[in-house]
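J.: Sharing a structure with you now.
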Amino acid sequence: MATLLTLKRKIKTAKNVSKTTKAMQMISASKLKKAEEGAVSSKPYVSKLELLSKSISQKLDRTEWDDYMVSPNINSKLILIISPDKGLCGGLVTNLMREVLRQNQGGKIYYLTIGKKAESIAASLNKEIIASFHFGNSLPAFEFVYPVANIINEYFLDRKVSRVQIISTKFVNVFTQAPQMTDLLPITLNLEQKQNGVTIFEPEVNNLLSDILRHYLEMMIYQSLLEAYASEQASRMIAMRNATDNALDIIDALQLEYNKTRQEKITNELLDIGGGSQQNYA
């Protein structure tokens with residue numbers, strides 16, 4: 001049976017752990033509201049960009065399509081992995097790694113990583129990492145997208161890869177975050193569904209499409225960053241709440257054991273005193 005001193009130390013350690021996890025839970029909860037608002041509010045804008053791209057593309061022949069919409073005949077692809085810089089966020093990183101391993105097949109693969117955990121995942125696969133970026137601990141700014149988009153443009157438009165994919169975490173709600181693979185390039189639009197009404201474009205559609213698709217590409221990357229950040233905060237908040245609850249349960253169990261051990265020690269001391277008194281009378 002553990003000594004009273006050992007139990008005291010274990011209780012103190014568990015209390016320190018519970019304070020740390022509680023603080024991390026509160027920090028993630030404070031960041032989550034802003035992260036969730038950012039991830040949800042940008043979705044309508046991305047949808048409108050896709051709708052505008054469809055309207056423009058329907059007015060062009062396939063021979064006039066932009067380079068973003070044409071896939072070169074090359075057996076290679078570029079995968080952008082987005083992950084947190086830090087752990088302690090439940091199974092988020094593990095689930096992301098499973099999705100990366102599932103997509104790690106077929107032809108030559110280049111990796112572009114955002115987040116230290118993503119860099120570790122790609123490095124473990126012994127594949128070529130063309131660039132790595134830190135994700136950071138705050139809500140991603142849109143300026144962060146430009147260097148990433150430039151690298152993607154270089155590899156796709158220069159015909160080094162035939163496809164570009166994003167593997168990130170989709171933010172469903174506070175309690176659900178799921179890894180997902182998104183085909184980024186070539187951009188495919190559902191052109192069979194005709195748009196109603198007549199739309200007049202200024203300048204001409206031939207000059208608009210390239211810039212619209214480039215901005216659509218940037219917004220798709222930014223949307224993935226926002227959802228990855230919201231998923232990180234939600235997952236960490238839930239994980240730290242569970243860790244705090246577990247620490248409190250351990251404290252209760254240790255406190256109960258401490259009380260039993262202390263009571264047993266007191267009882268034994270009383271029995272020793274009583275036994276000594278009887279020997280004196282005898």
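Naming works like this for the structure tokens: A, B, ... for the chains as they're shown, residue 1 at the start of each chain, ligands 1 onward in shown order.
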Pick out each residue of range 38-140 of chain A that DSSP on the backbone tags as alpha helix (DSSP H); I need them as a ChimeraX atom specification.

T.: /A:38-41,43-57,92-103,116-124

J.: Could you build a table of the residues in range 207-254 of chain A lying no more than 12 Å from range 180-189 of chain A, giving for each the nearest pair of atoms and their separation in Å rounded to one decimal place, using only C-alpha atoms, ordered by chain and ascending residue number, as JSON lines?

T.:
{"residue": "A:Leu209", "atom": "CA", "partner": "A:Ile187", "partner_atom": "CA", "distance": 11.8}
{"residue": "A:Ser210", "atom": "CA", "partner": "A:Ile187", "partner_atom": "CA", "distance": 11.5}
{"residue": "A:Ile212", "atom": "CA", "partner": "A:Ile187", "partner_atom": "CA", "distance": 11.6}
{"residue": "A:Leu213", "atom": "CA", "partner": "A:Ile187", "partner_atom": "CA", "distance": 8.0}
{"residue": "A:Arg214", "atom": "CA", "partner": "A:Ile187", "partner_atom": "CA", "distance": 10.0}
{"residue": "A:His215", "atom": "CA", "partner": "A:Ile187", "partner_atom": "CA", "distance": 11.9}
{"residue": "A:Tyr216", "atom": "CA", "partner": "A:Ile187", "partner_atom": "CA", "distance": 9.2}
{"residue": "A:Leu217", "atom": "CA", "partner": "A:Leu184", "partner_atom": "CA", "distance": 7.2}
{"residue": "A:Glu218", "atom": "CA", "partner": "A:Leu184", "partner_atom": "CA", "distance": 10.0}
{"residue": "A:Met219", "atom": "CA", "partner": "A:Leu184", "partner_atom": "CA", "distance": 10.8}
{"residue": "A:Met220", "atom": "CA", "partner": "A:Leu184", "partner_atom": "CA", "distance": 7.6}
{"residue": "A:Ile221", "atom": "CA", "partner": "A:Leu184", "partner_atom": "CA", "distance": 8.4}
{"residue": "A:Tyr222", "atom": "CA", "partner": "A:Leu184", "partner_atom": "CA", "distance": 12.0}
{"residue": "A:Gln223", "atom": "CA", "partner": "A:Thr182", "partner_atom": "CA", "distance": 11.4}
{"residue": "A:Ser224", "atom": "CA", "partner": "A:Thr182", "partner_atom": "CA", "distance": 9.2}
{"residue": "A:Glu227", "atom": "CA", "partner": "A:Gln180", "partner_atom": "CA", "distance": 11.0}
{"residue": "A:Ala228", "atom": "CA", "partner": "A:Gln180", "partner_atom": "CA", "distance": 10.5}

J.: Go ahead and write the residues just picked, N, CA and C atoms, as a PDB file, in the first residue's frame.

T.:
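The resulting file, result24.pdb, is reproduced below:
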ATOM      1  N   LEU A 209     -11.755  35.342 -66.836  1.00  0.00           N
ATOM      2  CA  LEU A 209     -11.723  33.985 -66.292  1.00  0.00           C
ATOM      3  C   LEU A 209     -10.445  33.689 -65.527  1.00  0.00           C
ATOM      4  N   SER A 210      -9.305  34.065 -66.073  1.00  0.00           N
ATOM      5  CA  SER A 210      -8.024  33.736 -65.431  1.00  0.00           C
ATOM      6  C   SER A 210      -7.920  34.347 -64.040  1.00  0.00           C
ATOM      7  N   ILE A 212     -10.404  35.428 -62.117  1.00  0.00           N
ATOM      8  CA  ILE A 212     -11.446  34.871 -61.242  1.00  0.00           C
ATOM      9  C   ILE A 212     -11.021  33.504 -60.714  1.00  0.00           C
ATOM     10  N   LEU A 213     -10.493  32.667 -61.591  1.00  0.00           N
ATOM     11  CA  LEU A 213     -10.073  31.331 -61.161  1.00  0.00           C
ATOM     12  C   LEU A 213      -8.891  31.391 -60.207  1.00  0.00           C
ATOM     13  N   ARG A 214      -7.983  32.337 -60.423  1.00  0.00           N
ATOM     14  CA  ARG A 214      -6.849  32.478 -59.509  1.00  0.00           C
ATOM     15  C   ARG A 214      -7.346  32.878 -58.108  1.00  0.00           C
ATOM     16  N   HIS A 215      -8.293  33.807 -58.075  1.00  0.00           N
ATOM     17  CA  HIS A 215      -8.840  34.219 -56.778  1.00  0.00           C
ATOM     18  C   HIS A 215      -9.645  33.081 -56.142  1.00  0.00           C
ATOM     19  N   TYR A 216     -10.341  32.324 -56.970  1.00  0.00           N
ATOM     20  CA  TYR A 216     -11.076  31.153 -56.476  1.00  0.00           C
ATOM     21  C   TYR A 216     -10.121  30.143 -55.853  1.00  0.00           C
ATOM     22  N   LEU A 217      -8.976  29.933 -56.492  1.00  0.00           N
ATOM     23  CA  LEU A 217      -7.942  29.047 -55.967  1.00  0.00           C
ATOM     24  C   LEU A 217      -7.450  29.550 -54.610  1.00  0.00           C
ATOM     25  N   GLU A 218      -7.172  30.840 -54.511  1.00  0.00           N
ATOM     26  CA  GLU A 218      -6.692  31.422 -53.255  1.00  0.00           C
ATOM     27  C   GLU A 218      -7.734  31.285 -52.147  1.00  0.00           C
ATOM     28  N   MET A 219      -8.998  31.483 -52.492  1.00  0.00           N
ATOM     29  CA  MET A 219     -10.053  31.390 -51.482  1.00  0.00           C
ATOM     30  C   MET A 219     -10.270  29.946 -51.033  1.00  0.00           C
ATOM     31  N   MET A 220     -10.069  29.000 -51.913  1.00  0.00           N
ATOM     32  CA  MET A 220     -10.181  27.592 -51.524  1.00  0.00           C
ATOM     33  C   MET A 220      -9.094  27.234 -50.508  1.00  0.00           C
ATOM     34  N   ILE A 221      -7.878  27.741 -50.733  1.00  0.00           N
ATOM     35  CA  ILE A 221      -6.784  27.509 -49.787  1.00  0.00           C
ATOM     36  C   ILE A 221      -7.090  28.184 -48.457  1.00  0.00           C
ATOM     37  N   TYR A 222      -7.570  29.423 -48.533  1.00  0.00           N
ATOM     38  CA  TYR A 222      -7.850  30.170 -47.308  1.00  0.00           C
ATOM     39  C   TYR A 222      -8.989  29.525 -46.517  1.00  0.00           C
ATOM     40  N   GLN A 223     -10.009  29.025 -47.215  1.00  0.00           N
ATOM     41  CA  GLN A 223     -11.109  28.347 -46.541  1.00  0.00           C
ATOM     42  C   GLN A 223     -10.613  27.101 -45.810  1.00  0.00           C
ATOM     43  N   SER A 224      -9.687  26.378 -46.432  1.00  0.00           N
ATOM     44  CA  SER A 224      -9.112  25.195 -45.790  1.00  0.00           C
ATOM     45  C   SER A 224      -8.318  25.578 -44.551  1.00  0.00           C
ATOM     46  N   GLU A 227     -10.855  26.483 -41.722  1.00  0.00           N
ATOM     47  CA  GLU A 227     -11.499  25.295 -41.155  1.00  0.00           C
ATOM     48  C   GLU A 227     -10.499  24.469 -40.353  1.00  0.00           C
ATOM     49  N   ALA A 228      -9.251  24.412 -40.802  1.00  0.00           N
ATOM     50  CA  ALA A 228      -8.231  23.680 -40.052  1.00  0.00           C
ATOM     51  C   ALA A 228      -7.982  24.335 -38.699  1.00  0.00           C
TER      52      ALA A 228
END

J.: With distances taken over only C-alpha atoms, which of A:Asn75, A:Ser83, A:Met97, A:Phe133 is nearest to Gln233 in chain A?

T.: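 Under the stated criterion, the closest residue is A:Ser83.
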
J.: Just the residues within 8 Å of range 169-175 of chain A, please, counting only C-alpha atoms, with nothing from its chain fewer than 2 positions along; format it as a list in words.

T.: Ala39, Ile82, Ser83, Leu92, Leu96, Ile167, Gln177, Ala178, Pro179, Gln180, Ser224, Glu227, Ala228, Ala230, Ser231, Ala234, Ser235 and Ile238 of chain A

J.: Using C-alpha atoms, can you write the selected residues to a file as a PDB file, in the first residue's frame?

T.:
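Now in part_15.pdb:
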ATOM      1  CA  ALA A  39     -14.780  29.440 -41.155  1.00  0.00           C
ATOM      2  CA  ILE A  82      -2.546  21.502 -43.429  1.00  0.00           C
ATOM      3  CA  SER A  83      -2.128  20.646 -39.748  1.00  0.00           C
ATOM      4  CA  LEU A  92      -7.011  15.236 -35.071  1.00  0.00           C
ATOM      5  CA  LEU A  96      -5.039  13.440 -40.677  1.00  0.00           C
ATOM      6  CA  ILE A 167      -5.562  17.264 -47.203  1.00  0.00           C
ATOM      7  CA  GLN A 177     -13.963  17.468 -37.224  1.00  0.00           C
ATOM      8  CA  ALA A 178     -13.160  15.114 -40.080  1.00  0.00           C
ATOM      9  CA  PRO A 179     -10.090  14.831 -42.335  1.00  0.00           C
ATOM     10  CA  GLN A 180     -10.881  15.445 -45.987  1.00  0.00           C
ATOM     11  CA  SER A 224      -9.112  25.195 -45.790  1.00  0.00           C
ATOM     12  CA  GLU A 227     -11.499  25.295 -41.155  1.00  0.00           C
ATOM     13  CA  ALA A 228      -8.231  23.680 -40.052  1.00  0.00           C
ATOM     14  CA  ALA A 230     -11.329  26.070 -36.141  1.00  0.00           C
ATOM     15  CA  SER A 231     -10.968  22.279 -36.044  1.00  0.00           C
ATOM     16  CA  ALA A 234     -12.475  22.712 -31.117  1.00  0.00           C
ATOM     17  CA  SER A 235     -10.559  19.433 -30.914  1.00  0.00           C
ATOM     18  CA  ILE A 238     -12.738  18.874 -26.116  1.00  0.00           C
TER      19      ILE A 238
END

J.: Please compute the CA of Ile109 in chain A-CA of Tyr146 in chain A distance, one decimal, in Å.

T.: 22.0 Å

J.: Write out as a ChimeraX atom specification the residues lying within 12 Å of Ile251 in chain A, counting only C-alpha atoms and excluding same-chain residues fewer than 3 positions away.

T.: /A:7-18,244-248,254-258

J.: Hey, can you spit out that residue selection with N, CA and C atoms as a CSV table (one decimal), in the first residue's frame?

T.:
chain,number,residue,atom,x,y,z
A,7,LEU,N,1.1,9.4,-1.7
A,7,LEU,CA,-0.2,9.7,-2.1
A,7,LEU,C,-0.4,11.3,-2.2
A,8,LYS,N,0.2,12.0,-1.2
A,8,LYS,CA,0.1,13.4,-1.2
A,8,LYS,C,0.8,14.0,-2.5
A,9,ARG,N,1.9,13.4,-2.8
A,9,ARG,CA,2.6,13.9,-4.0
A,9,ARG,C,1.8,13.6,-5.3
A,10,LYS,N,1.2,12.4,-5.4
A,10,LYS,CA,0.4,12.1,-6.5
A,10,LYS,C,-0.8,13.0,-6.6
A,11,ILE,N,-1.5,13.3,-5.5
A,11,ILE,CA,-2.6,14.2,-5.5
A,11,ILE,C,-2.2,15.6,-6.0
A,12,LYS,N,-1.1,16.1,-5.5
A,12,LYS,CA,-0.6,17.4,-5.9
A,12,LYS,C,-0.3,17.4,-7.4
A,13,THR,N,0.4,16.4,-7.9
A,13,THR,CA,0.7,16.3,-9.3
A,13,THR,C,-0.6,16.3,-10.2
A,14,ALA,N,-1.6,15.5,-9.8
A,14,ALA,CA,-2.9,15.5,-10.5
A,14,ALA,C,-3.6,16.8,-10.5
A,15,LYS,N,-3.5,17.6,-9.3
A,15,LYS,CA,-4.1,18.9,-9.3
A,15,LYS,C,-3.4,19.9,-10.2
A,16,ASN,N,-2.1,19.8,-10.3
A,16,ASN,CA,-1.4,20.7,-11.2
A,16,ASN,C,-1.7,20.4,-12.7
A,17,VAL,N,-1.9,19.1,-13.0
A,17,VAL,CA,-2.2,18.7,-14.3
A,17,VAL,C,-3.6,19.2,-14.7
A,18,SER,N,-4.6,19.1,-13.7
A,18,SER,CA,-5.9,19.6,-14.0
A,18,SER,C,-6.0,21.1,-14.2
A,244,THR,N,-9.1,17.2,-18.2
A,244,THR,CA,-9.4,17.8,-16.9
A,244,THR,C,-10.4,16.9,-16.1
A,245,ASP,N,-11.4,16.3,-16.7
A,245,ASP,CA,-12.3,15.4,-16.1
A,245,ASP,C,-11.6,14.2,-15.5
A,246,ASN,N,-10.7,13.6,-16.4
A,246,ASN,CA,-10.0,12.5,-15.9
A,246,ASN,C,-9.1,12.8,-14.8
A,247,ALA,N,-8.4,13.9,-14.8
A,247,ALA,CA,-7.5,14.3,-13.7
A,247,ALA,C,-8.3,14.5,-12.4
A,248,LEU,N,-9.5,15.1,-12.5
A,248,LEU,CA,-10.4,15.2,-11.3
A,248,LEU,C,-10.8,13.9,-10.7
A,254,LEU,N,-7.5,9.1,-5.6
A,254,LEU,CA,-6.3,9.2,-4.7
A,254,LEU,C,-6.7,9.7,-3.3
A,255,GLN,N,-7.6,10.7,-3.3
A,255,GLN,CA,-8.0,11.3,-2.0
A,255,GLN,C,-8.7,10.2,-1.1
A,256,LEU,N,-9.5,9.4,-1.8
A,256,LEU,CA,-10.2,8.3,-1.1
A,256,LEU,C,-9.2,7.3,-0.5
A,257,GLU,N,-8.2,6.9,-1.3
A,257,GLU,CA,-7.2,6.0,-0.9
A,257,GLU,C,-6.3,6.7,0.2
A,258,TYR,N,-6.1,8.0,0.1
A,258,TYR,CA,-5.3,8.7,1.1
A,258,TYR,C,-6.1,8.6,2.5

J.: Any idea what's packed within 10 Å of Leu88 in chain A, counting only C-alpha atoms, ignoring anything in its chain fewer than 5 positions away? Could you give it as a list in words?

T.: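 The contact residues come out as Thr21, Met24, Val93, Glu232, Ser235, Arg236, Met237, Ala239, Met240 and Ala243 of chain A.
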